[in-house]
>>> print(open('my_file_11.cif').read())   # mmCIF, C-alpha atoms and all ligand atoms
data_my_file
#
loop_
_atom_site.label_atom_id
_atom_site.label_comp_id
_atom_site.auth_asym_id
_atom_site.auth_seq_id
_atom_site.Cartn_x
_atom_site.Cartn_y
_atom_site.Cartn_z
CA MET A 1 130.59 54.94 105.97
CA ASN A 2 134.36 55.08 105.54
CA PRO A 3 135.85 58.51 104.79
CA PRO A 4 136.69 58.14 101.05
CA ILE A 5 133.17 57.02 100.18
CA PHE A 6 131.75 59.80 102.29
CA ILE A 7 133.85 62.35 100.40
CA LEU A 8 132.87 60.87 97.04
CA ALA A 9 129.23 60.96 98.04
CA ALA A 10 129.57 64.58 99.10
CA LEU A 11 131.19 65.49 95.79
CA PHE A 12 128.52 63.61 93.91
CA PHE A 13 125.72 65.48 95.65
CA PHE A 14 127.54 68.77 95.22
CA ASP A 15 127.88 68.16 91.48
CA ILE A 16 124.25 67.14 91.09
CA SER A 17 123.08 70.29 92.82
CA MET A 18 125.29 72.42 90.55
CA ILE A 19 123.93 70.67 87.48
CA GLU A 20 120.39 71.20 88.69
CA GLU A 21 121.06 74.86 89.37
CA ASN A 22 122.65 75.33 85.97
CA HIS A 23 119.79 73.50 84.31
CA PHE A 24 117.29 75.73 86.10
CA ILE A 25 119.19 78.84 85.02
CA LYS A 26 119.37 77.63 81.43
CA SER A 27 115.65 76.91 81.33
CA GLU A 28 114.85 80.32 82.83
CA PHE A 29 117.07 81.88 80.21
CA LYS A 30 115.36 79.89 77.48
CA ASN A 31 111.90 80.81 78.74
CA ASN A 32 112.80 84.49 78.84
CA LYS A 33 114.03 85.13 75.33
CA TRP A 34 113.89 88.89 75.88
CA LEU A 35 116.46 88.55 78.68
CA LYS A 36 118.77 86.43 76.54
CA GLU A 37 118.51 89.04 73.79
CA ALA A 38 119.08 91.90 76.24
CA VAL A 39 122.39 90.26 77.21
CA LEU A 40 123.38 89.97 73.53
CA ILE A 41 122.45 93.62 72.93
CA SER A 42 124.44 94.78 75.97
CA ASN A 43 127.49 92.75 74.89
CA ASP A 44 127.25 94.23 71.41
CA ILE A 45 127.08 97.78 72.82
CA LEU A 46 129.83 97.51 75.47
CA ASP A 47 133.09 99.11 74.37
CA PRO A 48 135.45 96.24 73.38
CA ASP A 49 138.35 98.13 75.02
CA LEU A 50 136.69 97.60 78.41
CA GLY A 51 137.08 93.85 77.85
CA ILE A 52 133.80 93.18 79.65
CA LYS A 53 131.22 90.60 78.61
CA LEU A 54 128.03 89.52 80.33
CA LYS A 55 127.30 85.84 80.69
CA PHE A 56 124.20 84.10 82.01
CA THR A 57 125.50 81.43 84.40
CA ALA A 58 125.10 79.90 87.84
CA ASP A 59 128.79 79.09 88.14
CA ILE A 60 130.79 82.25 88.84
CA SER A 61 134.16 80.45 88.77
CA ALA A 62 133.43 79.09 85.28
CA ALA A 63 133.01 82.66 84.06
CA LYS A 64 136.73 83.38 84.54
CA ASN A 65 138.57 84.07 81.32
CA GLN A 66 142.11 85.26 80.76
CA HIS A 67 141.33 87.96 78.24
CA LEU A 68 137.87 89.09 79.21
CA LYS A 69 136.29 90.21 82.43
CA ILE A 70 133.15 88.12 82.45
CA ILE A 71 130.31 89.46 84.55
CA PRO A 72 128.00 86.57 85.44
CA ILE A 73 124.29 87.15 85.40
CA THR A 74 122.57 84.96 87.96
CA LEU A 75 119.01 84.49 89.11
CA ALA A 76 117.56 86.07 92.21
CA SER A 77 115.77 83.79 94.62
CA GLN A 78 112.02 83.77 94.18
CA LYS A 79 111.62 85.64 97.48
CA ASP A 80 114.04 88.38 96.49
CA ASP A 81 112.45 91.84 96.61
CA TYR A 82 114.62 93.30 93.88
CA MET A 83 114.34 92.79 90.15
CA ILE A 84 117.90 93.63 89.11
CA TYR A 85 120.97 94.56 91.15
CA VAL A 86 124.68 94.17 91.77
CA PRO A 87 125.33 92.73 95.26
CA GLU A 88 127.84 94.31 97.67
CA GLU A 89 130.65 92.03 96.38
CA GLY A 90 130.29 93.62 92.94
CA ASP A 91 131.02 90.33 91.21
CA LYS A 92 127.77 89.66 89.35
CA ILE A 93 124.39 91.00 88.24
CA VAL A 94 121.38 89.36 89.85
CA VAL A 95 118.06 89.36 87.99
CA HIS A 96 114.55 88.32 88.90
CA PRO A 97 113.09 87.67 85.42
CA LYS A 98 109.45 87.55 86.52
CA LYS A 99 109.57 90.80 88.50
CA LEU A 100 111.66 92.52 85.85
CA LYS A 101 109.30 91.51 83.04
CA LYS A 102 106.24 92.70 84.97
CA TYR A 103 107.91 96.07 85.52
CA LEU A 104 109.06 96.43 81.91
CA ASP A 105 105.68 95.36 80.51
CA PHE A 106 103.98 98.03 82.62
CA TYR A 107 105.92 100.79 80.87
CA CYS A 108 106.45 99.19 77.44
CA LYS A 109 103.15 97.57 76.46
CA GLU A 110 101.37 99.36 73.65
CA ASP A 111 97.95 100.82 74.46
CA GLN A 112 96.00 104.02 73.68
CA LEU A 113 98.40 105.86 75.93
CA GLN A 114 101.75 104.25 75.38
CA LEU A 115 104.08 103.40 72.53
CA GLY A 116 104.97 99.74 72.24
CA ILE A 117 108.63 99.18 73.13
CA GLU A 118 110.51 95.91 72.89
CA ILE A 119 111.43 95.24 76.52
CA LYS A 120 114.80 93.73 75.60
CA TYR A 121 116.12 97.20 74.76
CA ILE A 122 115.12 98.79 78.07
CA CYS A 123 116.43 95.69 79.85
CA ALA A 124 119.75 96.22 78.00
CA VAL A 125 119.85 99.81 79.33
CA MET A 126 119.34 98.41 82.83
CA LEU A 127 122.09 95.81 82.37
CA LEU A 128 124.49 98.50 81.11
CA HIS A 129 123.54 100.62 84.13
CA GLU A 130 124.47 97.69 86.41
CA VAL A 131 127.78 97.26 84.56
CA GLY A 132 128.26 100.98 85.31
CA HIS A 133 128.00 100.26 89.06
CA ILE A 134 130.67 97.55 88.72
CA VAL A 135 132.99 99.73 86.62
CA ASN A 136 132.48 102.71 88.95
CA GLY A 137 133.17 100.48 91.96
CA ASP A 138 129.93 101.32 93.77
CA PRO A 139 127.87 98.11 93.87
CA GLY A 140 125.10 97.46 96.32
CA SER A 141 122.38 99.90 95.25
CA PHE A 142 119.27 97.81 95.03
CA GLY A 143 115.93 98.02 93.27
CA LEU A 144 114.22 100.87 91.52
CA GLY A 145 112.23 102.43 94.29
CA GLY A 146 110.43 100.28 96.80
CA PRO A 147 106.83 99.16 97.08
CA ASN A 148 106.29 101.74 99.84
CA PRO A 149 107.36 105.04 98.35
CA ASP A 150 109.16 107.41 100.62
CA PHE A 151 108.76 110.59 98.58
CA ASN A 152 111.50 113.17 98.82
CA ARG A 153 113.59 115.62 96.76
CA GLU A 154 116.85 115.27 98.65
CA ASP A 155 120.19 114.91 96.96
CA THR A 156 121.91 111.85 98.40
CA GLU A 157 125.23 110.13 97.66
CA ALA A 158 123.29 107.03 96.57
CA LYS A 159 121.33 109.05 94.00
CA LYS A 160 124.56 110.51 92.64
CA ARG A 161 125.85 106.96 92.11
CA GLU A 162 122.66 106.11 90.20
CA PHE A 163 123.09 109.10 87.88
CA LEU A 164 126.71 108.06 87.26
CA ALA A 165 125.70 104.49 86.39
CA ASP A 166 123.01 105.91 84.03
CA LYS A 167 125.66 108.10 82.46
CA PHE A 168 127.89 105.09 81.90
CA ALA A 169 125.01 103.25 80.15
CA ALA A 170 124.16 106.25 77.95
CA GLN A 171 127.81 106.85 77.04
CA GLN A 172 128.29 103.23 75.99
CA ILE A 173 125.24 103.46 73.72
CA LYS A 174 126.28 106.87 72.35
CA ALA A 175 129.84 105.68 71.64
CA VAL A 176 128.76 102.65 69.65
CA ILE A 177 126.41 104.81 67.55
CA GLU A 178 129.12 107.41 66.96
CA LYS A 179 131.56 104.78 65.76
CA GLY A 180 129.63 105.16 62.54
CA ASP A 181 129.27 101.50 61.68
CA GLU A 182 125.52 101.85 62.13
CA ASN A 183 125.34 99.55 65.12
CA PHE A 184 121.79 98.30 64.89
CA PHE A 185 121.44 97.54 68.60
CA GLY A 186 122.89 100.90 69.60
CA TRP A 187 120.37 102.79 67.49
CA ASN A 188 117.41 100.70 68.60
CA THR A 189 118.35 101.06 72.25
CA SER A 190 118.67 104.82 71.85
CA ILE A 191 115.24 105.01 70.20
CA ALA A 192 113.82 102.80 72.97
CA VAL A 193 115.10 105.31 75.58
CA SER A 194 113.26 108.16 73.82
CA ASN A 195 110.08 106.11 73.53
CA PHE A 196 110.38 105.17 77.20
CA VAL A 197 110.60 108.87 78.10
CA TRP A 198 107.42 109.43 76.10
CA ASN A 199 105.60 106.61 77.91
CA LEU A 200 106.71 107.84 81.33
CA SER A 201 105.50 111.36 80.61
CA LYS A 202 102.15 110.05 79.33
CA LYS A 203 101.72 107.92 82.44
CA ARG A 204 102.53 110.92 84.59
CA MET A 205 100.01 113.13 82.83
CA ILE A 206 97.10 110.72 82.68
CA ASP A 207 97.45 108.12 85.42
CA ASN A 208 98.32 110.57 88.15
CA PHE A 209 95.81 113.26 87.42
CA GLY A 210 94.78 114.92 90.68
CA GLU A 211 97.88 113.92 92.61
CA THR A 212 100.61 115.32 90.44
CA TRP A 213 103.21 116.32 93.02
CA SER A 214 104.32 112.78 93.83
CA VAL A 215 105.22 111.92 90.22
CA PHE A 216 107.88 114.64 90.22
CA TRP A 217 109.47 113.52 93.49
CA ASP A 218 111.90 110.64 94.11
CA GLN A 219 110.33 107.50 95.53
CA SER A 220 113.26 106.55 97.72
CA TYR A 221 116.48 107.96 99.14
CA SER A 222 118.57 105.60 96.99
CA HIS A 223 117.13 106.23 93.52
CA PRO A 224 116.25 109.45 91.70
CA ASN A 225 112.95 109.94 89.92
CA LEU A 226 112.69 107.45 87.04
CA GLU A 227 111.42 109.96 84.47
CA LEU A 228 114.17 112.43 85.36
CA ARG A 229 116.77 109.68 84.98
CA PHE A 230 115.55 108.74 81.50
CA LEU A 231 115.22 112.41 80.46
CA ILE A 232 118.89 112.87 81.35
CA MET A 233 119.90 109.68 79.52
CA GLN A 234 117.92 110.82 76.50
CA ASN A 235 119.78 114.13 76.59
CA GLU A 236 123.11 112.23 76.55
CA LEU A 237 121.96 110.21 73.56
CA VAL A 238 120.30 112.69 71.21
CA ASP A 239 122.00 114.24 68.24
CA GLU A 240 123.52 117.74 68.71
CA SER A 241 120.65 119.27 66.72
CA LEU A 242 118.15 118.00 69.31
CA LYS A 243 120.15 118.77 72.45
CA GLU A 244 118.47 122.10 73.12
CA ASP A 245 114.98 120.57 72.92
CA SER A 246 115.86 117.63 75.13
CA GLN A 247 117.50 119.97 77.67
CA GLU A 248 114.30 122.02 77.68
CA LEU A 249 112.34 118.88 78.62
CA ILE A 250 114.66 118.39 81.60
CA ASN A 251 114.28 122.06 82.58
CA GLN A 252 110.50 121.83 82.44
CA PHE A 253 110.52 118.69 84.56
CA LEU A 254 112.81 120.30 87.15
CA LYS A 255 110.64 123.41 87.25
CA SER A 256 107.53 121.34 87.90
CA ARG A 257 109.43 119.31 90.47
CA GLU A 258 110.45 122.49 92.24
CA SER A 259 106.90 123.70 92.63
CA ALA A 260 105.31 120.25 93.18
CA GLU A 261 104.26 120.13 96.80
CA PRO A 262 101.83 117.77 98.55
CA TYR A 263 98.41 119.29 99.03
CA ILE A 264 98.06 120.32 102.64
CA TYR A 265 94.55 120.81 103.94
CA ARG A 266 94.26 124.08 105.76
CA LYS A 267 91.39 124.90 108.07
CA ASN A 268 90.38 128.38 106.97
ZN ZN B 1 121.65 101.47 90.11
#
>>> encode(input="my_file_11.cif", output="structure tokens")
Amino acid sequence: MNPPIFILAALFFFDISMIEENHFIKSEFKNNKWLKEAVLISNDILDPDLGIKLKFTADISAAKNQHLKIIPITLASQKDDYMIYVPEEGDKIVVHPKKLKKYLDFYCKEDQLQLGIEIKYICAVMLLHEVGHIVNGDPGSFGLGGPNPDFNREDTEAKKREFLADKFAAQQIKAVIEKGDENFFGWNTSIAVSNFVWNLSKKRMIDNFGETWSVFWDQSYSHPNLELRFLIMQNELVDESLKEDSQELINQFLKSRESAEPYIYRKN
């Protein structure tokens, strides 16, 4: 094969693979309407002055825009352990729709115990949290606790970064509500956070009966306790008149966490 044809062939195959990848991403996006809507909700909530927009795409270079900082959302590989994260490079958000949906359904599906929550709103909170990592310049914190919990109550730098990214998400939601133009998505996301707190506390009280200490501890050294994180976000979001009550919920949780110790069998 002479060189020009070889180069053309290489370009052709490169283009085809890009098209296939883009097509796959588009179909995943289409099949996961909740994810598409979560992106719309996040974009609607993000402060326009930040100039940041999320875009579902396989082609990071195509996301470049002169006026806006586009953050591409790409798909994780099927083998990826994590459901949503910003890689070390801090240039995109990677999602694993199947894993993410399973996780969200677990906490958001209505049953005798739980309130039904539209998963797109909690997914939007997670996307805003990931934007927080990019804005704060601390990408690379993966997952939300691993499959093999390593229970602890230690304060780590990584956990501090998680709280800061949560704070960013909550402040974006709060700001759009306070603008006073009755941002529909802002309100619904804020309500979803409160309902999520309710579901987490119900799960803690019922599902973990008999082994309560572990639900108050952190499941990894990178991420704080999920319920504590949402209690703090709820406290950021509630109206002034409810601040005292929501702070009391945090205090109660911390008190229980303080005294929650694993049961140690003692021989007489
Ligand atoms: Zn994080």
>>> closest_atom_pairs(input="my_file_11.cif", of="chain A", to="ligand ZN 1 (chain B)", cutoff="10 Å", atoms="all atoms listed in the file", output="JSON lines")
{"residue": "A:Ile84", "atom": "CA", "partner": "B:ZN1", "partner_atom": "ZN", "distance": 8.7}
{"residue": "A:Tyr85", "atom": "CA", "partner": "B:ZN1", "partner_atom": "ZN", "distance": 7.0}
{"residue": "A:Val86", "atom": "CA", "partner": "B:ZN1", "partner_atom": "ZN", "distance": 8.1}
{"residue": "A:Met126", "atom": "CA", "partner": "B:ZN1", "partner_atom": "ZN", "distance": 8.2}
{"residue": "A:Leu127", "atom": "CA", "partner": "B:ZN1", "partner_atom": "ZN", "distance": 9.6}
{"residue": "A:Leu128", "atom": "CA", "partner": "B:ZN1", "partner_atom": "ZN", "distance": 9.9}
{"residue": "A:His129", "atom": "CA", "partner": "B:ZN1", "partner_atom": "ZN", "distance": 6.3}
{"residue": "A:Glu130", "atom": "CA", "partner": "B:ZN1", "partner_atom": "ZN", "distance": 6.0}
{"residue": "A:Val131", "atom": "CA", "partner": "B:ZN1", "partner_atom": "ZN", "distance": 9.3}
{"residue": "A:Gly132", "atom": "CA", "partner": "B:ZN1", "partner_atom": "ZN", "distance": 8.2}
{"residue": "A:His133", "atom": "CA", "partner": "B:ZN1", "partner_atom": "ZN", "distance": 6.5}
{"residue": "A:Ile134", "atom": "CA", "partner": "B:ZN1", "partner_atom": "ZN", "distance": 9.9}
{"residue": "A:Asp138", "atom": "CA", "partner": "B:ZN1", "partner_atom": "ZN", "distance": 9.1}
{"residue": "A:Pro139", "atom": "CA", "partner": "B:ZN1", "partner_atom": "ZN", "distance": 8.0}
{"residue": "A:Gly140", "atom": "CA", "partner": "B:ZN1", "partner_atom": "ZN", "distance": 8.2}
{"residue": "A:Ser141", "atom": "CA", "partner": "B:ZN1", "partner_atom": "ZN", "distance": 5.4}
{"residue": "A:Phe142", "atom": "CA", "partner": "B:ZN1", "partner_atom": "ZN", "distance": 6.6}
{"residue": "A:Gly143", "atom": "CA", "partner": "B:ZN1", "partner_atom": "ZN", "distance": 7.4}
{"residue": "A:Leu144", "atom": "CA", "partner": "B:ZN1", "partner_atom": "ZN", "distance": 7.6}
{"residue": "A:Ala158", "atom": "CA", "partner": "B:ZN1", "partner_atom": "ZN", "distance": 8.7}
{"residue": "A:Lys159", "atom": "CA", "partner": "B:ZN1", "partner_atom": "ZN", "distance": 8.5}
{"residue": "A:Lys160", "atom": "CA", "partner": "B:ZN1", "partner_atom": "ZN", "distance": 9.8}
{"residue": "A:Arg161", "atom": "CA", "partner": "B:ZN1", "partner_atom": "ZN", "distance": 7.2}
{"residue": "A:Glu162", "atom": "CA", "partner": "B:ZN1", "partner_atom": "ZN", "distance": 4.7}
{"residue": "A:Phe163", "atom": "CA", "partner": "B:ZN1", "partner_atom": "ZN", "distance": 8.1}
{"residue": "A:Leu164", "atom": "CA", "partner": "B:ZN1", "partner_atom": "ZN", "distance": 8.8}
{"residue": "A:Ala165", "atom": "CA", "partner": "B:ZN1", "partner_atom": "ZN", "distance": 6.3}
{"residue": "A:Asp166", "atom": "CA", "partner": "B:ZN1", "partner_atom": "ZN", "distance": 7.7}
{"residue": "A:Ser222", "atom": "CA", "partner": "B:ZN1", "partner_atom": "ZN", "distance": 8.6}
{"residue": "A:His223", "atom": "CA", "partner": "B:ZN1", "partner_atom": "ZN", "distance": 7.4}
{"residue": "A:Pro224", "atom": "CA", "partner": "B:ZN1", "partner_atom": "ZN", "distance": 9.8}
>>> atom_distance(input="my_file_11.cif", atom1="atom CA of A:Arg229", atom2="atom CA of A:Ala170")
10.8 Å
>>> residues_around(input="my_file_11.cif", residues="stretch 111-122 of chain A", least_positions_apart="5", cutoff="9 Å", atoms="all atoms listed in the file", output="ChimeraX atom specification")
/A:33-39,41-42,101,104-105,127,185,188-190,192-193,195-196,198-200,202-203,206
>>> atom_distance(input="my_file_11.cif", atom1="atom CA of A:Trp217", atom2="atom CA of A:Arg153")
5.7 Å
>>> atom_distance(input="my_file_11.cif", atom1="atom CA of A:Leu50", atom2="atom CA of A:Lys69")
8.4 Å
>>> residues_around(input="my_file_11.cif", residues="A:Phe253", least_positions_apart="4", cutoff="9 Å", atoms="all atoms listed in the file", output="list in words")
Phe216, Glu227, Leu228, Leu231, Glu248, Leu249, Arg257 and Glu258 of chain A
>>> closest_residue(input="my_file_11.cif", among="A:Ile25, A:Asn136, A:Leu46, A:Phe168", to="A:Ser77", atoms="all atoms listed in the file")
A:Ile25
>>> residues_around(input="my_file_11.cif", residues="A:Lys174", least_positions_apart="5", cutoff="9 Å", atoms="all atoms listed in the file", output="ChimeraX atom specification")
/A:169,179,186-187,190,236-238
>>> closest_residue(input="my_file_11.cif", among="A:Met233, A:Leu242, A:Cys123, A:Ala260", to="A:Trp213", atoms="only C-alpha atoms")
A:Ala260
>>> closest_residue(input="my_file_11.cif", among="A:Asn32, A:Asn225, A:Gln234, A:Asn183", to="A:Lys167", atoms="only C-alpha atoms")
A:Gln234
>>> residues_around(input="my_file_11.cif", residues="A:Asp91", least_positions_apart="2", cutoff="8 Å", atoms="only C-alpha atoms", output="mmCIF file with C-alpha atoms, keeping the file's coordinate frame")
data_model
loop_
_atom_site.group_PDB
_atom_site.id
_atom_site.type_symbol
_atom_site.label_atom_id
_atom_site.label_comp_id
_atom_site.auth_asym_id
_atom_site.auth_seq_id
_atom_site.Cartn_x
_atom_site.Cartn_y
_atom_site.Cartn_z
ATOM 1 C CA ILE A 71 130.310 89.460 84.550
ATOM 2 C CA PRO A 72 128.000 86.570 85.440
ATOM 3 C CA VAL A 86 124.680 94.170 91.770
ATOM 4 C CA PRO A 87 125.330 92.730 95.260
ATOM 5 C CA GLU A 89 130.650 92.030 96.380
ATOM 6 C CA ILE A 93 124.390 91.000 88.240
ATOM 7 C CA ILE A 134 130.670 97.550 88.720
#
>>> closest_residue(input="my_file_11.cif", among="A:Ser201, A:Gln219, A:Gln171, A:Asn31", to="A:Ile250", atoms="all atoms listed in the file")
A:Ser201
